[in-house]
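A short write-up of the structure that comes next.
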Amino acid sequence: MNEKDLEINCLKSTQILSDSIDGYATQQEITQLTEHLKHCNYCKIARNQFSTIFEQIKLLFENHHIG
Ligand SMILES: [Zn+2]
């Protein structure tokens, strides 16, 4: 695998982000996402917001005994 294989755009990055939270992202996608987050501040912010939102959803479900 060379450097070029790890390059993804911001749209792809957020898709992987969402997949990884659901547990569907592949190891290669996780690597691509990690590489992307090293140099993209927008996606770093997006990742933080994603995890905050998903934490809140989890808490909501737990508090209401759903799922
Ligand atoms: Zn990005």
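In the structure tokens, chains take letters A, B, ... by order of appearance, with residues numbered from 1 within each chain and ligands from 1 in the order shown.
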When the cut-off is 9 Å and you count only C-alpha atoms and all ligand atoms, which residues lie near ligand 1, shown as a ChimeraX atom specification? /A:8-14,33,36-37,39-44,46
Next, dump the selected residues to file, keeping only N, CA and C atoms, as a compact mmCIF listing (two decimals), in the first residue's frame.
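Writing done, so here's out23.txt:
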# COMPACT_ATOMS: atom_id res chain seq x y z
N ILE A 8 -8.13 10.16 0.97
CA ILE A 8 -9.58 10.21 0.76
C ILE A 8 -10.03 11.65 0.91
N ASN A 9 -11.22 11.96 0.40
CA ASN A 9 -11.72 13.33 0.58
C ASN A 9 -12.60 13.41 1.83
N CYS A 10 -13.07 14.62 2.10
CA CYS A 10 -13.83 14.87 3.33
C CYS A 10 -15.16 14.13 3.33
N LEU A 11 -15.78 13.98 2.18
CA LEU A 11 -17.05 13.27 2.10
C LEU A 11 -16.86 11.81 2.48
N LYS A 12 -15.85 11.20 1.86
CA LYS A 12 -15.53 9.80 2.17
C LYS A 12 -15.17 9.65 3.65
N SER A 13 -14.44 10.61 4.14
CA SER A 13 -14.01 10.58 5.53
C SER A 13 -15.21 10.54 6.49
N THR A 14 -16.22 11.37 6.23
CA THR A 14 -17.38 11.39 7.12
C THR A 14 -18.21 10.11 6.97
N LEU A 33 -9.09 6.94 7.28
CA LEU A 33 -9.70 7.98 8.10
C LEU A 33 -8.67 8.60 9.04
N HIS A 36 -6.39 10.82 7.16
CA HIS A 36 -7.08 12.04 6.76
C HIS A 36 -7.21 13.02 7.93
N LEU A 37 -7.53 12.47 9.11
CA LEU A 37 -7.73 13.32 10.29
C LEU A 37 -6.44 14.00 10.73
N HIS A 39 -4.43 15.60 8.89
CA HIS A 39 -4.19 16.87 8.21
C HIS A 39 -5.47 17.64 7.88
N CYS A 40 -6.61 17.16 8.35
CA CYS A 40 -7.86 17.88 8.04
C CYS A 40 -8.59 18.29 9.31
N ASN A 41 -8.54 19.58 9.62
CA ASN A 41 -9.17 20.08 10.84
C ASN A 41 -10.69 20.02 10.78
N TYR A 42 -11.25 20.16 9.57
CA TYR A 42 -12.71 20.10 9.44
C TYR A 42 -13.24 18.74 9.90
N CYS A 43 -12.56 17.70 9.46
CA CYS A 43 -13.01 16.36 9.81
C CYS A 43 -12.72 16.02 11.27
N LYS A 44 -11.69 16.63 11.83
CA LYS A 44 -11.43 16.45 13.26
C LYS A 44 -12.60 16.99 14.05
N ALA A 46 -15.65 17.46 12.88
CA ALA A 46 -16.79 16.60 12.58
C ALA A 46 -16.77 15.34 13.43
Sorted by chain and rising residue number, which residues of range 13-48 of chain A lie within 10 Å of range 54-59 of chain A, and what are their closest atom pairs and distances in Å to one decimal, counting only C-alpha atoms, as JSON lines?
{"residue": "A:Ser18", "atom": "CA", "partner": "A:Phe54", "partner_atom": "CA", "distance": 9.8}
{"residue": "A:Ile21", "atom": "CA", "partner": "A:Phe54", "partner_atom": "CA", "distance": 8.1}
{"residue": "A:Asp22", "atom": "CA", "partner": "A:Phe54", "partner_atom": "CA", "distance": 9.9}
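You will find CA of Ser20 in chain A at 20.7 Å from CA of Glu62 in chain A.
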Kindly indicate which residue among A:Ile53, A:Ile45, A:His65, A:Ile30 lies nearest to Ile16 in chain A, using only C-alpha atoms for the distances. A:Ile30
List every residue of chain A that DSSP, applied to the backbone, labels as helix (DSSP H, G or I), and write the result as a VMD selection string. chain A and resid 3 to 6 10 to 22 27 to 39 41 to 64
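Atom to atom, CA of Thr31 in chain A and CA of Asp19 in chain A stand 13.2 Å apart.
Taking CA of Gln49 in chain A and CA of Gln15 in chain A as endpoints, the distance between them is 14.0 Å.
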